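> Data file my_file-v9.pdb (PDB, C-alpha atoms, pLDDT in the B column) is appended below.
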ATOM      1  CA  MET M   1     195.711   2.488 140.337  1.00 84.00           C
ATOM      2  CA  ASN M   2     198.695   4.524 139.085  1.00 89.00           C
ATOM      3  CA  GLU M   3     196.454   7.274 137.747  1.00 92.00           C
ATOM      4  CA  PHE M   4     194.566   7.332 141.058  1.00 95.00           C
ATOM      5  CA  LEU M   5     197.834   7.648 143.011  1.00 95.00           C
ATOM      6  CA  LYS M   6     198.936  10.497 140.758  1.00 95.00           C
ATOM      7  CA  GLN M   7     195.664  12.375 141.149  1.00 94.00           C
ATOM      8  CA  LEU M   8     195.665  11.867 144.911  1.00 95.00           C
ATOM      9  CA  ALA M   9     199.252  13.115 145.167  1.00 94.00           C
ATOM     10  CA  GLU M  10     198.383  16.222 143.142  1.00 92.00           C
ATOM     11  CA  THR M  11     195.338  16.880 145.291  1.00 91.00           C
ATOM     12  CA  LEU M  12     197.302  16.563 148.521  1.00 90.00           C
ATOM     13  CA  GLU M  13     200.282  18.421 147.027  1.00 88.00           C
ATOM     14  CA  ILE M  14     202.613  15.530 147.829  1.00 90.00           C
ATOM     15  CA  SER M  15     205.360  14.452 145.434  1.00 90.00           C
ATOM     16  CA  GLU M  16     204.649  10.711 145.605  1.00 90.00           C
ATOM     17  CA  ILE M  17     202.051   8.457 147.175  1.00 93.00           C
ATOM     18  CA  LYS M  18     202.162   4.668 147.546  1.00 94.00           C
ATOM     19  CA  GLU M  19     199.124   2.467 147.986  1.00 93.00           C
ATOM     20  CA  THR M  20     200.439   1.251 151.346  1.00 95.00           C
ATOM     21  CA  ASP M  21     200.662   4.800 152.748  1.00 95.00           C
ATOM     22  CA  GLU M  22     198.383   5.638 155.656  1.00 93.00           C
ATOM     23  CA  LEU M  23     196.285   8.734 154.992  1.00 91.00           C
ATOM     24  CA  LYS M  24     196.558  10.056 158.541  1.00 87.00           C
ATOM     25  CA  ALA M  25     200.343   9.782 158.395  1.00 89.00           C
ATOM     26  CA  PHE M  26     200.530  12.619 155.865  1.00 88.00           C
ATOM     27  CA  PRO M  27     201.134  15.961 157.579  1.00 84.00           C
ATOM     28  CA  GLU M  28     198.956  17.441 154.818  1.00 81.00           C
ATOM     29  CA  TRP M  29     195.969  15.255 155.842  1.00 85.00           C
ATOM     30  CA  ASP M  30     193.603  17.765 157.433  1.00 83.00           C
ATOM     31  CA  SER M  31     189.966  18.767 156.932  1.00 81.00           C
ATOM     32  CA  LEU M  32     190.848  20.792 153.863  1.00 82.00           C
ATOM     33  CA  ALA M  33     192.648  17.769 152.403  1.00 87.00           C
ATOM     34  CA  VAL M  34     189.623  15.531 153.001  1.00 88.00           C
ATOM     35  CA  LEU M  35     187.366  18.076 151.278  1.00 87.00           C
ATOM     36  CA  SER M  36     189.839  18.374 148.403  1.00 89.00           C
ATOM     37  CA  VAL M  37     189.855  14.582 147.966  1.00 92.00           C
ATOM     38  CA  ILE M  38     186.042  14.445 148.095  1.00 90.00           C
ATOM     39  CA  ALA M  39     185.903  17.118 145.364  1.00 90.00           C
ATOM     40  CA  MET M  40     188.569  15.380 143.265  1.00 92.00           C
ATOM     41  CA  LEU M  41     186.811  11.994 143.453  1.00 93.00           C
ATOM     42  CA  ASP M  42     183.517  13.608 142.474  1.00 90.00           C
ATOM     43  CA  ALA M  43     185.081  15.434 139.524  1.00 89.00           C
ATOM     44  CA  ASN M  44     187.236  12.570 138.235  1.00 92.00           C
ATOM     45  CA  TYR M  45     185.299   9.451 139.233  1.00 92.00           C
ATOM     46  CA  ARG M  46     181.728  10.692 139.754  1.00 91.00           C
ATOM     47  CA  VAL M  47     181.906   9.215 143.228  1.00 92.00           C
ATOM     48  CA  ASN M  48     180.311  11.278 145.962  1.00 88.00           C
ATOM     49  CA  LEU M  49     181.834  10.322 149.309  1.00 89.00           C
ATOM     50  CA  ARG M  50     180.601  11.531 152.679  1.00 85.00           C
ATOM     51  CA  ALA M  51     182.963  12.378 155.499  1.00 81.00           C
ATOM     52  CA  ALA M  52     181.793   9.308 157.398  1.00 82.00           C
ATOM     53  CA  ASP M  53     183.063   7.111 154.546  1.00 87.00           C
ATOM     54  CA  PHE M  54     186.594   8.088 155.535  1.00 85.00           C
ATOM     55  CA  ASN M  55     186.201   6.695 159.056  1.00 82.00           C
ATOM     56  CA  ALA M  56     186.664   3.156 157.764  1.00 85.00           C
ATOM     57  CA  VAL M  57     189.534   4.063 155.448  1.00 90.00           C
ATOM     58  CA  LYS M  58     193.090   3.981 156.724  1.00 90.00           C
ATOM     59  CA  SER M  59     195.372   3.418 153.730  1.00 94.00           C
ATOM     60  CA  VAL M  60     195.503   4.762 150.191  1.00 96.00           C
ATOM     61  CA  ALA M  61     194.691   1.266 148.894  1.00 96.00           C
ATOM     62  CA  GLU M  62     191.548   1.163 151.053  1.00 96.00           C
ATOM     63  CA  LEU M  63     190.469   4.525 149.648  1.00 96.00           C
ATOM     64  CA  PHE M  64     191.039   3.222 146.106  1.00 96.00           C
ATOM     65  CA  ASN M  65     188.966   0.107 146.876  1.00 95.00           C
ATOM     66  CA  LEU M  66     186.188   2.240 148.343  1.00 95.00           C
ATOM     67  CA  VAL M  67     186.086   4.381 145.189  1.00 95.00           C
ATOM     68  CA  GLN M  68     185.934   1.269 143.012  1.00 93.00           C
ATOM     69  CA  SER M  69     183.091  -0.209 145.051  1.00 92.00           C
ATOM     70  CA  LYS M  70     181.130   3.080 144.898  1.00 88.00           C
ATOM     71  CA  LYS M  71     181.642   3.240 141.137  1.00 83.00           C
ATOM     72  CA  ARG M  72     180.208  -0.258 140.776  1.00 77.00           C
ATOM     73  CA  ALA M  73     177.236   0.470 143.022  1.00 75.00           C
TER      74      ALA M  73
ATOM     75  CA  MET E   1     181.525  13.187 167.721  1.00 63.00           C
ATOM     76  CA  ASN E   2     178.913  14.214 170.232  1.00 82.00           C
ATOM     77  CA  LEU E   3     178.004  17.674 168.988  1.00 87.00           C
ATOM     78  CA  ILE E   4     175.175  20.166 168.859  1.00 90.00           C
ATOM     79  CA  PHE E   5     174.875  22.638 165.955  1.00 91.00           C
ATOM     80  CA  SER E   6     173.369  26.105 166.177  1.00 90.00           C
ATOM     81  CA  SER E   7     173.438  29.419 164.344  1.00 88.00           C
ATOM     82  CA  ARG E   8     173.682  31.314 167.630  1.00 85.00           C
ATOM     83  CA  VAL E   9     176.293  31.766 170.318  1.00 88.00           C
ATOM     84  CA  PRO E  10     175.547  33.109 173.794  1.00 87.00           C
ATOM     85  CA  MET E  11     176.933  36.595 174.440  1.00 88.00           C
ATOM     86  CA  GLU E  12     179.154  35.391 177.277  1.00 88.00           C
ATOM     87  CA  CYS E  13     181.212  33.284 174.844  1.00 88.00           C
ATOM     88  CA  LYS E  14     182.552  36.297 172.963  1.00 88.00           C
ATOM     89  CA  SER E  15     186.154  35.874 174.065  1.00 88.00           C
ATOM     90  CA  GLU E  16     186.277  32.147 173.233  1.00 87.00           C
ATOM     91  CA  LEU E  17     184.610  32.787 169.887  1.00 87.00           C
ATOM     92  CA  GLU E  18     187.142  35.505 169.036  1.00 87.00           C
ATOM     93  CA  ASP E  19     189.959  33.074 169.849  1.00 85.00           C
ATOM     94  CA  LEU E  20     188.387  30.387 167.686  1.00 86.00           C
ATOM     95  CA  LEU E  21     187.705  32.602 164.671  1.00 82.00           C
ATOM     96  CA  PHE E  22     190.580  35.047 164.647  1.00 80.00           C
ATOM     97  CA  PHE E  23     193.502  33.391 166.460  1.00 73.00           C
ATOM     98  CA  ASN E  24     193.434  29.870 165.142  1.00 65.00           C
ATOM     99  CA  PRO E  25     197.011  28.455 165.152  1.00 63.00           C
ATOM    100  CA  ARG E  26     196.506  26.605 161.840  1.00 63.00           C
ATOM    101  CA  GLN E  27     195.367  29.645 159.861  1.00 64.00           C
ATOM    102  CA  HIS E  28     198.795  30.108 158.289  1.00 66.00           C
ATOM    103  CA  ARG E  29     198.166  26.977 156.183  1.00 66.00           C
ATOM    104  CA  VAL E  30     195.484  28.790 154.189  1.00 68.00           C
ATOM    105  CA  ARG E  31     196.928  32.270 154.410  1.00 75.00           C
ATOM    106  CA  ASP E  32     196.449  33.126 150.717  1.00 76.00           C
ATOM    107  CA  GLY E  33     192.834  31.987 150.771  1.00 74.00           C
ATOM    108  CA  ILE E  34     192.134  34.068 153.863  1.00 77.00           C
ATOM    109  CA  LEU E  35     193.689  37.142 152.235  1.00 79.00           C
ATOM    110  CA  ASP E  36     191.562  36.548 149.113  1.00 79.00           C
ATOM    111  CA  ALA E  37     188.438  36.248 151.234  1.00 78.00           C
ATOM    112  CA  LEU E  38     189.254  39.441 153.127  1.00 80.00           C
ATOM    113  CA  GLN E  39     189.817  41.288 149.865  1.00 82.00           C
ATOM    114  CA  GLN E  40     186.623  40.049 148.257  1.00 82.00           C
ATOM    115  CA  PHE E  41     184.183  40.054 151.153  1.00 83.00           C
ATOM    116  CA  GLY E  42     185.699  42.292 153.830  1.00 84.00           C
ATOM    117  CA  HIS E  43     186.750  41.676 157.393  1.00 83.00           C
ATOM    118  CA  PRO E  44     184.706  39.374 159.606  1.00 83.00           C
ATOM    119  CA  ARG E  45     183.596  40.735 162.950  1.00 85.00           C
ATOM    120  CA  LEU E  46     181.360  39.729 165.805  1.00 88.00           C
ATOM    121  CA  GLU E  47     178.101  41.568 166.306  1.00 87.00           C
ATOM    122  CA  GLU E  48     176.027  41.508 169.429  1.00 88.00           C
ATOM    123  CA  THR E  49     172.343  41.034 168.710  1.00 86.00           C
ATOM    124  CA  GLU E  50     169.342  40.253 170.858  1.00 86.00           C
ATOM    125  CA  ALA E  51     169.608  36.644 169.734  1.00 82.00           C
ATOM    126  CA  GLY E  52     173.277  36.385 170.737  1.00 85.00           C
ATOM    127  CA  LEU E  53     176.539  36.795 168.864  1.00 87.00           C
ATOM    128  CA  GLN E  54     176.561  36.738 165.081  1.00 84.00           C
ATOM    129  CA  VAL E  55     179.365  36.924 162.548  1.00 86.00           C
ATOM    130  CA  ARG E  56     179.238  39.682 159.960  1.00 85.00           C
ATOM    131  CA  VAL E  57     181.615  39.751 156.994  1.00 86.00           C
ATOM    132  CA  GLY E  58     182.164  43.220 155.583  1.00 84.00           C
ATOM    133  CA  ASP E  59     178.769  44.418 154.364  1.00 82.00           C
ATOM    134  CA  HIS E  60     177.589  40.878 153.706  1.00 79.00           C
ATOM    135  CA  GLU E  61     175.037  39.060 155.769  1.00 76.00           C
ATOM    136  CA  ALA E  62     176.952  35.859 156.244  1.00 85.00           C
ATOM    137  CA  GLN E  63     175.408  32.726 157.653  1.00 90.00           C
ATOM    138  CA  THR E  64     177.263  31.017 160.446  1.00 91.00           C
ATOM    139  CA  LEU E  65     176.891  27.572 161.921  1.00 93.00           C
ATOM    140  CA  PHE E  66     178.513  26.825 165.269  1.00 92.00           C
ATOM    141  CA  ALA E  67     179.312  23.446 166.791  1.00 92.00           C
ATOM    142  CA  PHE E  68     179.154  22.874 170.534  1.00 91.00           C
ATOM    143  CA  GLY E  69     180.488  19.857 172.388  1.00 86.00           C
ATOM    144  CA  ARG E  70     177.760  18.239 174.473  1.00 82.00           C
ATOM    145  CA  GLU E  71     180.199  17.430 177.275  1.00 76.00           C
ATOM    146  CA  ARG E  72     181.531  20.966 177.649  1.00 70.00           C
ATOM    147  CA  PRO E  73     179.808  22.863 180.402  1.00 54.00           C
ATOM    148  CA  GLU E  74     181.171  26.269 179.440  1.00 63.00           C
ATOM    149  CA  GLN E  75     179.056  26.261 176.256  1.00 76.00           C
ATOM    150  CA  ALA E  76     181.738  27.850 174.106  1.00 86.00           C
ATOM    151  CA  PRO E  77     181.664  26.728 170.476  1.00 91.00           C
ATOM    152  CA  VAL E  78     184.312  24.227 169.369  1.00 91.00           C
ATOM    153  CA  GLY E  79     183.886  24.953 165.669  1.00 91.00           C
ATOM    154  CA  ALA E  80     182.363  27.424 163.243  1.00 92.00           C
ATOM    155  CA  VAL E  81     181.730  27.707 159.524  1.00 93.00           C
ATOM    156  CA  VAL E  82     180.901  31.006 157.815  1.00 92.00           C
ATOM    157  CA  PHE E  83     179.245  30.939 154.404  1.00 93.00           C
ATOM    158  CA  LEU E  84     177.605  33.241 151.874  1.00 91.00           C
ATOM    159  CA  ARG E  85     175.422  32.769 148.839  1.00 92.00           C
ATOM    160  CA  THR E  86     177.641  34.266 146.171  1.00 90.00           C
ATOM    161  CA  SER E  87     175.388  33.556 143.187  1.00 92.00           C
ATOM    162  CA  ARG E  88     172.101  31.806 142.426  1.00 94.00           C
ATOM    163  CA  GLU E  89     173.941  28.525 141.916  1.00 95.00           C
ATOM    164  CA  GLU E  90     176.732  28.900 144.431  1.00 93.00           C
ATOM    165  CA  ILE E  91     177.383  29.058 148.150  1.00 94.00           C
ATOM    166  CA  SER E  92     180.910  30.020 149.171  1.00 91.00           C
ATOM    167  CA  ILE E  93     182.389  28.853 152.421  1.00 91.00           C
ATOM    168  CA  ILE E  94     184.618  31.692 153.460  1.00 88.00           C
ATOM    169  CA  HIS E  95     185.825  30.593 156.872  1.00 87.00           C
ATOM    170  CA  VAL E  96     186.097  27.381 158.865  1.00 88.00           C
ATOM    171  CA  ALA E  97     187.647  27.176 162.306  1.00 87.00           C
ATOM    172  CA  VAL E  98     187.775  24.279 164.737  1.00 88.00           C
ATOM    173  CA  GLU E  99     189.394  23.726 168.099  1.00 86.00           C
ATOM    174  CA  GLU E 100     192.575  21.658 167.928  1.00 81.00           C
ATOM    175  CA  ASP E 101     191.043  18.664 169.759  1.00 81.00           C
ATOM    176  CA  TYR E 102     188.321  18.471 167.125  1.00 81.00           C
ATOM    177  CA  ALA E 103     190.609  18.807 164.092  1.00 76.00           C
ATOM    178  CA  LEU E 104     191.468  15.780 161.988  1.00 70.00           C
ATOM    179  CA  HIS E 105     194.629  15.012 163.942  1.00 65.00           C
ATOM    180  CA  GLY E 106     193.040  15.977 167.228  1.00 62.00           C
ATOM    181  CA  SER E 107     192.301  13.720 170.154  1.00 57.00           C
ATOM    182  CA  ARG E 108     188.653  13.258 169.223  1.00 62.00           C
ATOM    183  CA  GLU E 109     187.753  10.399 166.974  1.00 58.00           C
ATOM    184  CA  GLY E 110     186.300  10.859 163.540  1.00 62.00           C
ATOM    185  CA  VAL E 111     186.998  12.611 160.319  1.00 61.00           C
ATOM    186  CA  GLY E 112     187.416  16.077 161.790  1.00 78.00           C
ATOM    187  CA  LEU E 113     184.920  18.738 162.706  1.00 87.00           C
ATOM    188  CA  GLY E 114     185.903  20.961 159.766  1.00 87.00           C
ATOM    189  CA  VAL E 115     184.620  18.364 157.309  1.00 88.00           C
ATOM    190  CA  THR E 116     181.498  17.764 159.395  1.00 89.00           C
ATOM    191  CA  LEU E 117     180.700  21.499 159.380  1.00 92.00           C
ATOM    192  CA  VAL E 118     181.082  21.682 155.595  1.00 90.00           C
ATOM    193  CA  GLU E 119     178.748  18.703 155.249  1.00 90.00           C
ATOM    194  CA  LYS E 120     176.217  20.518 157.407  1.00 92.00           C
ATOM    195  CA  VAL E 121     176.419  23.460 154.989  1.00 94.00           C
ATOM    196  CA  LYS E 122     175.951  20.994 152.127  1.00 92.00           C
ATOM    197  CA  ASP E 123     172.792  19.674 153.804  1.00 91.00           C
ATOM    198  CA  ILE E 124     171.487  23.232 154.232  1.00 92.00           C
ATOM    199  CA  ALA E 125     172.394  24.167 150.642  1.00 93.00           C
ATOM    200  CA  SER E 126     170.623  21.128 149.235  1.00 92.00           C
ATOM    201  CA  ARG E 127     167.362  22.533 150.602  1.00 93.00           C
ATOM    202  CA  ILE E 128     167.812  25.928 148.904  1.00 93.00           C
ATOM    203  CA  VAL E 129     166.253  26.174 145.458  1.00 93.00           C
ATOM    204  CA  GLY E 130     168.798  26.900 142.729  1.00 94.00           C
ATOM    205  CA  VAL E 131     171.990  26.152 144.642  1.00 95.00           C
ATOM    206  CA  GLN E 132     174.061  23.604 142.741  1.00 94.00           C
ATOM    207  CA  ARG E 133     177.479  23.729 144.327  1.00 93.00           C
ATOM    208  CA  ILE E 134     179.553  24.775 147.293  1.00 93.00           C
ATOM    209  CA  VAL E 135     182.890  26.448 146.707  1.00 90.00           C
ATOM    210  CA  PHE E 136     185.519  26.326 149.396  1.00 85.00           C
ATOM    211  CA  PHE E 137     186.936  29.821 149.177  1.00 80.00           C
ATOM    212  CA  TYR E 138     190.296  28.997 150.798  1.00 76.00           C
ATOM    213  CA  ARG E 139     191.027  26.636 147.943  1.00 74.00           C
ATOM    214  CA  ARG E 140     188.953  27.539 144.918  1.00 67.00           C
ATOM    215  CA  GLN E 141     189.414  24.218 143.151  1.00 69.00           C
ATOM    216  CA  VAL E 142     187.462  22.523 145.925  1.00 82.00           C
ATOM    217  CA  VAL E 143     183.968  22.488 144.474  1.00 86.00           C
ATOM    218  CA  ILE E 144     181.390  20.221 146.065  1.00 86.00           C
ATOM    219  CA  ARG E 145     178.426  19.489 143.820  1.00 85.00           C
ATOM    220  CA  LEU E 146     175.016  19.028 145.404  1.00 84.00           C
TER     221      LEU E 146
END
What does this structure look like when you write it as structure tokens?


Amino acid sequence: MNEFLKQLAETLEISEIKETDELKAFPEWDSLAVLSVIAMLDANYRVNLRAADFNAVKSVAELFNLVQSKKRA
Amino acid sequence: MNLIFSSRVPMECKSELEDLLFFNPRQHRVRDGILDALQQFGHPRLEETEAGLQVRVGDHEAQTLFAFGRERPEQAPVGAVVFLRTSREEISIIHVAVEEDYALHGSREGVGLGVTLVEKVKDIASRIVGVQRIVFFYRRQVVIRL
């Protein structure tokens, strides 16, 4: 989880991210951020998310869980 | 989001399209990327053709996809994505613009029209032989594999 938080923070250009943080609460969370996260997850985790996958994701922890479930699938 | 996508815009929407493409209030966030795109590809401009308005970027024949809201009677586009094939393997997205209501923090539900437009380009690119990735020109590290 820690490595995921670090990579997500780097991608969003935020100094620190906690798993309880809400994605939409970040001022940096815009379309470009979503695309950057999609690209990062593909490069680092070989997980290819679609935009619609983010509709059900509110928190950083939920995004982490989604990535884990896609990796297992 | 209840949207229609098209590569054409009616001529009478020129003013709204200019506002969308060239006077977007959030453009400052990707200023460096825009300057890079201008330097590499040239200035975008609207061209009137028999089929309607088209976007041309410098001397390049850019492809443009427009999004229209189904509920909006005025028929002006609410989003646009401009892209070019920059090599056999690569399509570069050089401009994305969406109306504030349709942005990620806008009043409309969903993940944001900007992302939806890029996914539309991804769908188009996946049908073109040889194309392996999409590069988001505003932020070059954003590479979406097909």

> With 6 Å as the cut-off and all atoms listed in the file counted, what is the closest atom pair between each nearby residue of chain E and chain M? Distances in Å to one decimal, ordered by chain and number, as a Markdown table.


| residue | atom | partner | partner_atom | distance |
| --- | --- | --- | --- | --- |
| E:Leu104 | CA | M:Asp30 | CA | 5.4 |
| E:Gly114 | CA | M:Ser31 | CA | 5.4 |
| E:Val115 | CA | M:Ser31 | CA | 5.4 |
| E:Val142 | CA | M:Ser36 | CA | 5.4 |
| E:Val143 | CA | M:Ala39 | CA | 5.8 |
| E:Ile144 | CA | M:Ala39 | CA | 5.5 |

> Please write as a ChimeraX atom specification the full residue list that the PyMOL selection byres ((chain M and resi 5) around 10) yields on this file.

/M:1-4,6-11,16-19,60-61,64

> Any chance you could work out the residue set of the PyMOL selection byres ((chain E and resi 14) around 10) here, as a list in words?

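On this input, the PyMOL selection byres ((chain E and resi 14) around 10) captures Val9, Pro10, Met11, Glu12, Cys13, Ser15, Glu16, Leu17, Glu18, Asp19, Leu20, Leu46, Glu47, Glu48, Gly52, Leu53, Gln54, Ala76 and Pro77 of chain E.
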
> Expand the PyMOL selection byres ((chain E and resi 88) around 7) into the explicit residue set it covers here, and present it as a PyMOL selection string.

chain E and resi 87+89-90+130-131

> Have a look at atom CA of Leu65 of chain E and atom CA of Val57 of chain M and let me know their distance in Å, one decimal.

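Straight-line distance from atom CA of Leu65 of chain E to atom CA of Val57 of chain M works out to 27.5 Å.
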
> So the first atom is atom CA of Ile4 of chain E and the second is atom CA of His60 of chain E; what is the distance between them in Å, to one decimal place?

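Distance reported for this atom pair: 25.8 Å.
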
> Mind listing as a PDB file with C-alpha atoms, in the coordinates of the input all residues within 12 Å of (174.9, 18.1, 159.1), counting only C-alpha atoms?


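Just written: part05.pdb:
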ATOM      1  CA  ARG M  50     180.601  11.531 152.679  1.00 85.00           C
ATOM      2  CA  ALA M  51     182.963  12.378 155.499  1.00 81.00           C
ATOM      3  CA  ALA M  52     181.793   9.308 157.398  1.00 82.00           C
TER       4      ALA M  52
ATOM      5  CA  MET E   1     181.525  13.187 167.721  1.00 63.00           C
ATOM      6  CA  LEU E   3     178.004  17.674 168.988  1.00 87.00           C
ATOM      7  CA  ILE E   4     175.175  20.166 168.859  1.00 90.00           C
ATOM      8  CA  PHE E   5     174.875  22.638 165.955  1.00 91.00           C
ATOM      9  CA  SER E   6     173.369  26.105 166.177  1.00 90.00           C
ATOM     10  CA  LEU E  65     176.891  27.572 161.921  1.00 93.00           C
ATOM     11  CA  PHE E  66     178.513  26.825 165.269  1.00 92.00           C
ATOM     12  CA  ALA E  67     179.312  23.446 166.791  1.00 92.00           C
ATOM     13  CA  VAL E  81     181.730  27.707 159.524  1.00 93.00           C
ATOM     14  CA  LEU E 113     184.920  18.738 162.706  1.00 87.00           C
ATOM     15  CA  GLY E 114     185.903  20.961 159.766  1.00 87.00           C
ATOM     16  CA  VAL E 115     184.620  18.364 157.309  1.00 88.00           C
ATOM     17  CA  THR E 116     181.498  17.764 159.395  1.00 89.00           C
ATOM     18  CA  LEU E 117     180.700  21.499 159.380  1.00 92.00           C
ATOM     19  CA  VAL E 118     181.082  21.682 155.595  1.00 90.00           C
ATOM     20  CA  GLU E 119     178.748  18.703 155.249  1.00 90.00           C
ATOM     21  CA  LYS E 120     176.217  20.518 157.407  1.00 92.00           C
ATOM     22  CA  VAL E 121     176.419  23.460 154.989  1.00 94.00           C
ATOM     23  CA  LYS E 122     175.951  20.994 152.127  1.00 92.00           C
ATOM     24  CA  ASP E 123     172.792  19.674 153.804  1.00 91.00           C
ATOM     25  CA  ILE E 124     171.487  23.232 154.232  1.00 92.00           C
ATOM     26  CA  ALA E 125     172.394  24.167 150.642  1.00 93.00           C
ATOM     27  CA  SER E 126     170.623  21.128 149.235  1.00 92.00           C
TER      28      SER E 126
END

> Using only C-alpha atoms, which of M:Leu66, M:Asn44, M:Arg72, M:Lys58 sits nearest Leu23 of chain M?

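Between M:Leu66, M:Asn44, M:Arg72, M:Lys58, the residue approaching Leu23 of chain M most closely is M:Lys58.
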
> For atom CA of Ile34 of chain E and atom CA of Phe83 of chain E, determine how far apart the two atoms are, in Å to one decimal place.

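Separation of atom CA of Ile34 of chain E and atom CA of Phe83 of chain E: 13.3 Å.
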
> Between E:Ala51, E:Gln63, E:Arg45, E:Leu146, which has the minimum distance to Ile93 of chain E (counting all atoms listed in the file)?

E:Gln63

> Listed atoms of segment 66-84 of chain E, axis-aligned box, 5 Å per side: centre and edge lengths to one decimal in Å, as lines of an AutoDock Vina configuration file?


center_x = 181.0
center_y = 25.3
center_z = 166.1
size_x = 16.7
size_y = 25.8
size_z = 38.5
